[in-house]
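Novice: Quick one: structure below, then a few questions.
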Amino acid sequence: MFTTILAAAAPAAAEANPYGLEAALREGGLISQTVFGILVLMSVVSFYILFSKLFEQQKIIGQGKRVRQAFWSSNSLREGSAKLEKNSAYKQIVDDGLAAQEQHSKLTDPVEAHDWLHGSLARSEAAINSKLGGGLAFLATVGSVSPFIGLFGTVIGIYRALVKIGASGQASIDKVAGPVGEALIMTALGLVVAVPAVLSYNWLQRRNKSIAEDLSAFSNDVLGFLASNGAVRPITASGVKPVVAKPSTATTTAGQTGGVPRAN
């Protein structure tokens with residue numbers, strides 16, 4: 001009995017609001033339904049990019065905190081690299097720096113060690129920043145395009161309202177309320193999709209810029225360590241600069257002749 005009452009009440013409730021979203025999409029036909037589907041898809045993908053990038057950024061920020069706390073207390077870059085997570089962005093910079101140091105000794109053309117190391121570390125930074133920026137172009141596209149997609153639905157709704165007015169010969173409210181309501185709904189949907197996408201893009205870009213600055217500072221510290229055979233390194237989290245043995249005379253001479261001493 002109760003089920004029968006609910007089943008009878010459902011069609012009545014649907015008929016009670018002939019100007020809702022469902023009614024507007026049904027009356028608008030294929031064009032309105034396509035516009036609505038595109039906007040919903042854009043919104044879903046935008047939020048997926050937002051949360052996935054936030055997770056990725058937070059992971060790198062956490063890695064940076066651990067680097068400042070423990071990495072520079074290691075005796076060598078290899079020892080410090082072993083303490084970092086396997087897929088850490090900071091580990092990638094260290095490993096690329098060590099690989100560049102090894103490659104420099106195999107070069108046949110004379111290249112300054114500093115320039116070679118700096119270029120290798122810069123490429124490593126660029127690769128990480130490029131990965132962090134993945135997906136942001138889609139957010140920018142959604143923020144700029146979705147209002148116009150909604151406007152297209154608005155134009156179609158207004159056009160249908162004018163057609164009904166012309167067909168009926170009078171601008172009665174019951175003839176134009178449906179198409180005009182459909183047009184306003186499409187405009188609102190376009191804005192609802194665009195605003196979060198623009199805000200997400202700006203926020204993620206600002207966080208990426210902060211991460212890039214931290215990576216650049218770390219890269220410069222790694223470069224100083226490699227170029228000085230470990231004699232130059234930043235202050236650790238405890239505020240005490242680690243004591244490192246001075247390079248030998250042979251190592252110093254090698255550094256003056258353009259050779260790159262290996263890290264401890």
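Every chain in the structure tokens has a letter given in the order shown (A, B, ...), and although residue numbers restart at 1 in each chain, ligands are simply numbered from 1 in the order shown.
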Residues at most 7 Å from segment 129-144 of chain A, counting only C-alpha atoms, excluding those fewer than 3 positions away in the same chain, as a ChimeraX atom specification?

Specialist: /A:42,46,49,125-126,147,194-195,197-198,201,208,212

Novice: Please write the residues from the selection above to a file, keeping C-alpha atoms, as a tab-separated table (two decimals), in the first residue's frame.

Specialist:
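Output file part34.tsv is given in full below:
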```tsv
chain	number	residue	atom	x	y	z
A	42	MET	CA	34.70	19.00	-17.57
A	46	SER	CA	38.76	19.33	-13.15
A	49	ILE	CA	43.08	16.99	-11.44
A	125	GLU	CA	64.55	20.36	-12.16
A	126	ALA	CA	62.77	21.08	-15.44
A	147	PRO	CA	31.33	29.80	-19.93
A	194	ALA	CA	34.50	27.66	-14.83
A	195	VAL	CA	34.94	29.29	-11.41
A	197	ALA	CA	38.64	25.46	-12.49
A	198	VAL	CA	40.12	28.98	-12.50
A	201	TYR	CA	44.52	26.57	-11.56
A	208	ASN	CA	54.07	24.70	-7.87
A	212	ALA	CA	60.07	24.92	-7.72
```

Novice: Between atom CA of Gln69 of chain A and atom CA of Leu54 of chain A, what is the distance in Å, rounded to a tenth?

Specialist: 22.8 Å

Novice: Which one of A:Val45, A:Ser32, A:Ile93, A:Leu189 sits closest to Ala217 of chain A if you count only C-alpha atoms?

Specialist: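 For Ala217 of chain A, the nearest of the candidates is A:Ile93.
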
Novice: Could you tell me, as a VMD selection string, which residues of segment 40-126 of chain A DSSP assigns to helix (DSSP H, G or I) when given the backbone?

Specialist: chain A and resid 40 to 73 77 to 83 89 to 104 113 to 126

Novice: Might you pull out every residue within 7 Å of segment 80-84 of chain A, with only C-alpha atoms counted and same-chain residues fewer than 5 positions away left off, and present them as a list in words?

Specialist: Phe71, Trp72, Ser74, Lys91 and Val94 of chain A

Novice: Output C-alpha atoms for every residue in that selection, as an mmCIF file, in the first residue's frame.

Specialist:
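Writing done, so here's part_22.cif:
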```cif
data_model
loop_
_atom_site.group_PDB
_atom_site.id
_atom_site.type_symbol
_atom_site.label_atom_id
_atom_site.label_comp_id
_atom_site.auth_asym_id
_atom_site.auth_seq_id
_atom_site.Cartn_x
_atom_site.Cartn_y
_atom_site.Cartn_z
ATOM 1 C CA PHE A 71 69.758 14.715 4.352
ATOM 2 C CA TRP A 72 72.650 17.118 4.866
ATOM 3 C CA SER A 74 74.987 12.463 5.828
ATOM 4 C CA LYS A 91 66.449 11.854 -4.791
ATOM 5 C CA VAL A 94 70.852 14.000 -6.263
#
```

Novice: Quick one: distance from atom CA of Val193 of chain A to atom CA of Ile61 of chain A in Å, one decimal?

Specialist: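 According to the coordinates, atom CA of Val193 of chain A and atom CA of Ile61 of chain A are separated by 28.6 Å.
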
Novice: Looking at only C-alpha atoms, which of A:Thr34, A:Ser76, A:Gln63, A:Thr154 is the one that sits closest to Val232 of chain A?

Specialist: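 Among the listed residues, A:Ser76 lies closest to Val232 of chain A.
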
Novice: Atom CA of Ser43 of chain A to atom CA of Gln58 of chain A: how many Å, to one decimal?

Specialist: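 That distance, rounded to one decimal, is 22.5 Å.
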
Novice: Using only C-alpha atoms, which residue out of A:Ile158, A:Leu151, A:Ala113, A:Val44 lies closest to Ser228 of chain A?

Specialist: A:Ala113

Novice: Could you list, as a ChimeraX atom specification, every residue within 8 Å of Ala188 of chain A, counting only C-alpha atoms and ignoring same-chain residues fewer than 4 positions away?

Specialist: /A:150,184,192

Novice: Would you please work out which residue, of A:Pro110, A:Trp203, A:Leu215, A:Ala183, is nearest to Ser88 of chain A when using only C-alpha atoms?

Specialist: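 Of A:Pro110, A:Trp203, A:Leu215, A:Ala183, the one nearest Ser88 of chain A, counting only C-alpha atoms, is A:Leu215.
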